[in-house]
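Participant: If you scroll down you'll find the structure; I have some questions about it.
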Amino acid sequence: MLTRKKLLHVMMIVTLLFSGMLILPPEHASANTIAPYAKPSIYPSSSVFSLKANGTTIPVIGYTNEYDYAHFSMSAGTTTIEVTALGLSSISSYSITPQKLNISGSISGNKLTFTIQNDEYLIVKIPGLRALVIAADPGEVGAPSSSGTGIYNVTSAPYNADSSGTNMNTTAFQNAINDAANYAGGQGIVYVPTGVYKVGNLELKSDVALYLQGGSVLRFTGVKSDYTVHWHKDSQNRDVTWWIYTQTGANNVKIYGRGTIDGNGKYAVETNNFASNIIVPMATTNFTFDGPLIRESGSWAVTPARSNDLTFKNMKIFNRFDMGENDGIDVNESQNVWVQHGIGIGLDDPYTTKTWDQATDISRDWPGSPEVVQNVVFDDLISWTYCYGYKVGQGMRQNQSDITFKNSVVYDSSIGIGIHHKWGTGTLTNVTFDNIDIERVSTENDKNRTWALFYVQNGDGWGGGPVNGLNVKNIRVRNQGTTAGKLKGHSDTTMISNIIFDNIVMPASSTPATNLYEMNITDRAYHTPVTILPVQTAEPVEPANLAANPGFETGDSSGWSQWSNAGTSYQIEWGGTHSGNWKLAHENSVAYKSKTSQVRSVPNGNYTLSVWVRSTGGQNALHLYAKNYGSTTELQAVVGSTAYSSWTEFIIPNIPVTNGQVEIGVWSDANVNNWAAFDDFVLSRNYVNNPGFETGNTSGWSEWNNVGGAQTVEWGGTHSGNWKLAHEYSTAYKQKTHQVLSVPNGTYKLSVWFRSTGGQNALHLYAKNYGSSTELQATVGSASVPSWTLYTIDNIPVTNGQIELGIWSDANANNWAAMDDFILIRK
């Protein structure tokens, strides 16, 4: 009971509070609390950074050449972060991701100071130094006591686990898990105090919660004899274990806390060719992961499979960049999955969904039957990778639907966001990318370096599958990369359809893009019309001929650069042309070398270059060339020393531009009075997908036959490159190889090089469905064609925005025909 004196004292304090006269000391002015965690003894301190949060020292872990990291928890409220660059006398500049937070700091010598208002995952980059990843978790809610009813502390009797990191603790941990599963009062808690614990496989059972106290580490030994081999990764010839997994059919399982789960992947892979999937919710229901830090996975780190109703939040996946196949979380054949507030770092994809079949290596021993992926949400994440920031695929053996990536950031990647339907024939329905901030696209993957790639590839030759419903909205693209964005189905039956791009803001722009060209999505095929919001404009039609001053009709060499080692060995001559009035000539009264060239900026894609030539012959070298197009290989169409008294066309059929430019030109290394003339250069986009089959397969093409497969892609004996298409079978056969392309309306020329044994009932190149019911053909027929010969269909009037092109064979047993270097250009 309050005495009268105490009551008067309380009333006075209340009065002073309301009057504003009572000032609380600073330590009571904010409820903000910082909770650092002890640095585990097995990890080195960073030699590059130190860190303080509100004056509290936070351990910084020295990790890889790319980044170090710090981990702590904080309650809401203003927190002052102080980063010290230990090896510098001063900091010249910095960046802080997410850039959308607009965090601005102050620099004093080698210290960078800034404030945050809430828990955040941040990447601080100072030029010349590795990055510093700051994982500021929200304050723990519901952290258990270390002992008590329903709590099974692994270091207490009867378990007595070794926390020094010296001895194996598998039995102690599994016994604690088993006892927690038998707890009759609800979910039993396995408590792991601060320390380092070597453990083998752990099987989590129904109604078990595994709690990792901040500063604790579960350590994978990397020694195969300590674990059960669950599967073999065929592509790497490597055994893999499910390290910490759920019992089949388990329900109500939880992993939480602020400890670390360490896959020790570099040692395991490089020393023992062995790896782990670190967390494997297998055929489980109601699984929660909240808070622990996962690091150094040697295989896909978190692999939920054939499970439902899963939650992953505050999950930090810190993998390496000097080893591959270390995906972050791959949601496999699971439903109702929520991945919220996390950061994923590693060489391979941090956030994906996948489906397989029972014969796939990873899923051969999964219980049950293959399942779909359905209703998966990735929300409030940061991705840093050499692959895709956020992706559906590559596995599409079963259907996937209702997948959303939202409110997230790509710190760096080779592809910011995308769909890669590579393996399987599953249907993908309703994929959304919403409010994604793509900061950097600075690496390359499979010749792609772009902010967006949506692609049905047909990697296994099964035909691919359709994508129905792609919604890309509220995307901030700060870096679009260097290669073209892709929007490519595989065939007329495996298209990408029902597509919306809404409020896509590209670099250096403050307003949304109004067409796909402005988004740099120029590599397109097999998709239905696209809706672009809030404003849509027509796609620009690029010039049919991208060469400057291609016929020299200016009367001079404007647009071209000239070089010679013997004075002026080049001139623009009147008359005697292929067309028009002027032509280029190389000639000199002494032996000479001469080059005429130009560099063209062009969208990435496939191009064809041609020129008409006349020559006296006798040159040491004379050729048309293309180079510096994203490859070190110079492509040539060789004229050589042969005399050409009449105009003859020379063609480089396929130039795969990946760097936004190409150098084109003609080169002469000639003797006295050798003369060569050039006219009507043409540099045109080649609209054919995979025109020379240099993928080594028929990617981009569809096929039909009546015998079970009469087409192959063959190595060698090509017109150019390494691969060609062939039609052949041991019995009579019919075979069609074709593709349908979306192209601007206009007049086109279609060509292909043929060789054939002859004897076919019918063999021809064709074009149809271009806005007319007439099928146009270039007929090879039954004649033998022993050397590569060009067949052409000219003046194809496309009026409906598309064209089907292909090859048709109606052949007898062992009739063989080869095709290479398809060309479709707009005139």
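Identifiers in this document derive from the order of the structure tokens: chains are assigned A, B, ..., residues are numbered from 1 separately in each chain, and ligands are numbered from 1 in order of occurrence.
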Please report, as a Markdown table, each residue of range 86-126 of chain A lying at most 12 Å from range 384-407 of chain A, together with the nearest pair of atoms and the separation in Å rounded to one decimal; use only C-alpha atoms, and order rows by chain and ascending residue number.
Facilitator:
```
| residue | atom | partner | partner_atom | distance |
| --- | --- | --- | --- | --- |
| A:Thr97 | CA | A:Trp384 | CA | 10.8 |
| A:Pro98 | CA | A:Asn407 | CA | 11.2 |
| A:Lys100 | CA | A:Asn407 | CA | 10.7 |
| A:Leu122 | CA | A:Trp384 | CA | 11.5 |
| A:Ile123 | CA | A:Trp384 | CA | 9.7 |
```
Participant: Using only N, CA, C and O atoms, please write the residues we just selected to a file, as a compact mmCIF listing (two decimals), in the first residue's frame.
Facilitator:
```txt
# COMPACT_ATOMS: atom_id res chain seq x y z
N THR A 97 23.55 -0.83 -50.07
CA THR A 97 22.39 -1.54 -50.61
C THR A 97 21.54 -2.03 -49.45
O THR A 97 22.07 -2.48 -48.44
N PRO A 98 20.20 -1.89 -49.59
CA PRO A 98 19.40 -1.49 -50.76
C PRO A 98 19.48 0.02 -51.04
O PRO A 98 19.28 0.84 -50.14
N LYS A 100 17.39 1.71 -52.59
CA LYS A 100 16.07 2.33 -52.47
C LYS A 100 15.82 2.91 -51.08
O LYS A 100 14.92 3.74 -50.91
N LEU A 122 21.98 -5.26 -45.10
CA LEU A 122 22.67 -4.24 -45.87
C LEU A 122 23.94 -4.80 -46.49
O LEU A 122 24.58 -5.70 -45.92
N ILE A 123 24.33 -4.23 -47.63
CA ILE A 123 25.63 -4.52 -48.24
C ILE A 123 26.35 -3.18 -48.43
O ILE A 123 25.87 -2.31 -49.16
```
Participant: If we count only C-alpha atoms and set the cut-off at 10 Å, which residues sit around range 772-775 of chain A, ignoring sequence neighbours fewer than 6 positions away in its own chain? Please answer as a ChimeraX atom specification.
Facilitator: /A:766,796-800,803-805
Participant: Please produce a file of the residues just selected, as a PDB file, in the first residue's frame, where the atoms kept are N, CA, C and O atoms.
Facilitator:
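Saved the output as selection.pdb:
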```pdb
ATOM      1  N   TYR A 766      10.739 -23.769 -97.160  1.00  0.00           N
ATOM      2  CA  TYR A 766       9.427 -23.161 -97.369  1.00  0.00           C
ATOM      3  C   TYR A 766       9.197 -21.987 -96.426  1.00  0.00           C
ATOM      4  O   TYR A 766       9.840 -21.854 -95.380  1.00  0.00           O
ATOM      5  N   ILE A 796       9.262 -12.136 -99.739  1.00  0.00           N
ATOM      6  CA  ILE A 796       8.158 -12.702 -98.954  1.00  0.00           C
ATOM      7  C   ILE A 796       7.416 -11.539 -98.297  1.00  0.00           C
ATOM      8  O   ILE A 796       7.973 -10.849 -97.442  1.00  0.00           O
ATOM      9  N   PRO A 797       6.160 -11.304 -98.654  1.00  0.00           N
ATOM     10  CA  PRO A 797       5.443 -10.124 -98.138  1.00  0.00           C
ATOM     11  C   PRO A 797       4.730 -10.431 -96.809  1.00  0.00           C
ATOM     12  O   PRO A 797       3.577 -10.852 -96.792  1.00  0.00           O
ATOM     13  N   VAL A 798       5.391 -10.173 -95.704  1.00  0.00           N
ATOM     14  CA  VAL A 798       4.792 -10.434 -94.389  1.00  0.00           C
ATOM     15  C   VAL A 798       3.828  -9.298 -94.053  1.00  0.00           C
ATOM     16  O   VAL A 798       4.220  -8.116 -94.020  1.00  0.00           O
ATOM     17  N   THR A 799       2.574  -9.659 -93.781  1.00  0.00           N
ATOM     18  CA  THR A 799       1.564  -8.639 -93.468  1.00  0.00           C
ATOM     19  C   THR A 799       0.860  -8.883 -92.139  1.00  0.00           C
ATOM     20  O   THR A 799       0.034  -8.066 -91.734  1.00  0.00           O
ATOM     21  N   ASN A 800       1.156 -10.008 -91.467  1.00  0.00           N
ATOM     22  CA  ASN A 800       0.468 -10.340 -90.210  1.00  0.00           C
ATOM     23  C   ASN A 800       1.397 -10.425 -89.016  1.00  0.00           C
ATOM     24  O   ASN A 800       1.035 -10.942 -87.969  1.00  0.00           O
ATOM     25  N   ILE A 803       5.868 -15.262 -89.419  1.00  0.00           N
ATOM     26  CA  ILE A 803       6.167 -16.123 -90.555  1.00  0.00           C
ATOM     27  C   ILE A 803       6.568 -17.492 -90.023  1.00  0.00           C
ATOM     28  O   ILE A 803       7.262 -17.590 -89.001  1.00  0.00           O
ATOM     29  N   GLU A 804       6.097 -18.540 -90.696  1.00  0.00           N
ATOM     30  CA  GLU A 804       6.604 -19.882 -90.431  1.00  0.00           C
ATOM     31  C   GLU A 804       7.580 -20.242 -91.539  1.00  0.00           C
ATOM     32  O   GLU A 804       7.272 -20.120 -92.720  1.00  0.00           O
ATOM     33  N   LEU A 805       8.774 -20.691 -91.133  1.00  0.00           N
ATOM     34  CA  LEU A 805       9.774 -21.113 -92.103  1.00  0.00           C
ATOM     35  C   LEU A 805      10.285 -22.490 -91.713  1.00  0.00           C
ATOM     36  O   LEU A 805      10.247 -22.882 -90.544  1.00  0.00           O
TER      37      LEU A 805
END
```
Participant: When you count only C-alpha atoms, which of these residues is closest to Glu444 in chain A: A:Ser645, A:Asn520, A:Asn659, A:Asn673?
Facilitator: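 For Glu444 in chain A, the nearest of the given residues is A:Asn659.
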Participant: Mind running range 584-645 of chain A against range 678-698 of chain A at 6 Å and telling me each contacting residue's nearest atom pair with the distance in Å (one decimal), counting only C-alpha atoms, chain and number ascending, as JSON lines?
Facilitator:
```
{"residue": "A:Leu584", "atom": "CA", "partner": "A:Phe678", "partner_atom": "CA", "distance": 5.1}
{"residue": "A:Asn606", "atom": "CA", "partner": "A:Asn686", "partner_atom": "CA", "distance": 5.3}
{"residue": "A:Tyr607", "atom": "CA", "partner": "A:Arg685", "partner_atom": "CA", "distance": 4.3}
{"residue": "A:Thr608", "atom": "CA", "partner": "A:Ser684", "partner_atom": "CA", "distance": 5.4}
{"residue": "A:Leu609", "atom": "CA", "partner": "A:Leu683", "partner_atom": "CA", "distance": 4.6}
{"residue": "A:Ser610", "atom": "CA", "partner": "A:Val682", "partner_atom": "CA", "distance": 5.2}
{"residue": "A:Val611", "atom": "CA", "partner": "A:Phe681", "partner_atom": "CA", "distance": 4.4}
{"residue": "A:Trp612", "atom": "CA", "partner": "A:Asp679", "partner_atom": "CA", "distance": 5.3}
{"residue": "A:Val613", "atom": "CA", "partner": "A:Phe678", "partner_atom": "CA", "distance": 4.8}
```
Participant: Could you tell me, as a PyMOL selection string, which residues of range 57-130 of chain A DSSP assigns to strand (DSSP E or B) when given the backbone?
Facilitator: chain A and resi 57-58+60-61+67-74+79-85+95-97+106-108+111-116+121-125
Participant: Keeping only C-alpha atoms, write the selected residues as a CSV table (one decimal), in the first residue's frame.
Facilitator:
```csv
chain,number,residue,atom,x,y,z
A,57,THR,CA,31.1,-3.6,-30.9
A,58,ILE,CA,29.7,-6.2,-33.3
A,60,VAL,CA,32.8,-9.0,-38.1
A,61,ILE,CA,33.6,-12.5,-39.5
A,67,TYR,CA,32.7,-10.2,-48.6
A,68,ASP,CA,32.9,-10.4,-44.8
A,69,TYR,CA,29.8,-10.3,-42.6
A,70,ALA,CA,28.5,-9.2,-39.3
A,71,HIS,CA,25.4,-10.5,-37.5
A,72,PHE,CA,23.4,-9.0,-34.6
A,73,SER,CA,19.8,-8.3,-33.6
A,74,MET,CA,18.1,-5.0,-32.8
A,79,THR,CA,20.5,2.8,-34.7
A,80,THR,CA,23.8,4.4,-35.6
A,81,ILE,CA,26.1,2.1,-37.6
A,82,GLU,CA,29.9,2.9,-37.6
A,83,VAL,CA,32.0,1.0,-40.2
A,84,THR,CA,35.8,1.2,-39.9
A,85,ALA,CA,37.9,0.3,-43.0
A,95,SER,CA,27.5,2.6,-51.6
A,96,ILE,CA,24.9,1.1,-49.4
A,97,THR,CA,22.4,-1.5,-50.6
A,106,SER,CA,29.2,10.7,-43.2
A,107,ILE,CA,32.9,9.9,-43.6
A,108,SER,CA,35.6,10.8,-41.1
A,111,LYS,CA,35.1,5.6,-40.6
A,112,LEU,CA,31.7,5.6,-42.3
A,113,THR,CA,28.7,6.4,-40.1
A,114,PHE,CA,25.0,6.2,-41.0
A,115,THR,CA,21.7,5.5,-39.2
A,116,ILE,CA,18.9,3.0,-39.8
A,121,TYR,CA,20.1,-6.5,-44.3
A,122,LEU,CA,22.7,-4.2,-45.9
A,123,ILE,CA,25.6,-4.5,-48.2
A,124,VAL,CA,28.2,-1.8,-47.8
A,125,LYS,CA,30.8,-1.4,-50.6
```
Participant: Residues of range 110-261 of chain A in alpha helix (DSSP H) according to DSSP, as a list in words?
Facilitator: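 Matching residues, listed in order: Thr170, Thr171, Ala172, Phe173, Gln174, Asn175, Ala176, Ile177, Asn178, Asp179, Ala180 and Ala181 of chain A.
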Participant: Compile the contact shell of Gly344 in chain A as a list of chain:residue names: residues with an atom at most 7 Å away, counting only C-alpha atoms, same-chain residues fewer than 4 positions apart removed.
Facilitator: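 Residues meeting the cut-off are A:Lys316, A:Ile317, A:Phe318, A:Gly328, A:Pro350, A:Ile382, A:Ser383, A:Trp384.
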Participant: Show me, as a ChimeraX atom specification, the residues that have an atom within 9 Å of range 214-230 of chain A when counting only C-alpha atoms, minus same-chain residues fewer than 4 positions from it.
Facilitator: /A:36-40,72,163,165,168,192-201,239-243,257-269,271-276,278,292,362,365
Participant: Please list as a ChimeraX atom specification every residue within 12 Å of Ile419 in chain A, counting only C-alpha atoms and excluding residues in the same chain fewer than 6 positions away.
Facilitator: /A:351-354,388-396,400,403-405,428-433,451-457,465-472,485-489,496
Participant: Using only C-alpha atoms, which residue out of A:Asn745, A:Asn182, A:Asn319, A:Thr482 lies closest to Gly771 in chain A?
Facilitator: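 Under the stated criterion, the closest residue is A:Asn745.
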Participant: Find the residue from A:Ser557, A:Asn448, A:Asn549, A:Asn628 that sits nearest to Asp523 in chain A; use only C-alpha atoms when measuring.
Facilitator: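 Using only C-alpha atoms, Asp523 in chain A sits closest to A:Asn448.
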Participant: Please provide as an MDAnalysis selection string all residues within 7 Å of Lys583 in chain A, with the sequence filter that same-chain residues fewer than 5 positions apart are discarded (counting only C-alpha atoms).
Facilitator: chainID A and resid 551:552 572:574 577 677:679
Participant: Please indicate the distance in Å from CA of Ser89 in chain A to CA of Ser442 in chain A, rounded to one decimal place.
Facilitator: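 Separation between CA of Ser89 in chain A and CA of Ser442 in chain A: 28.6 Å.
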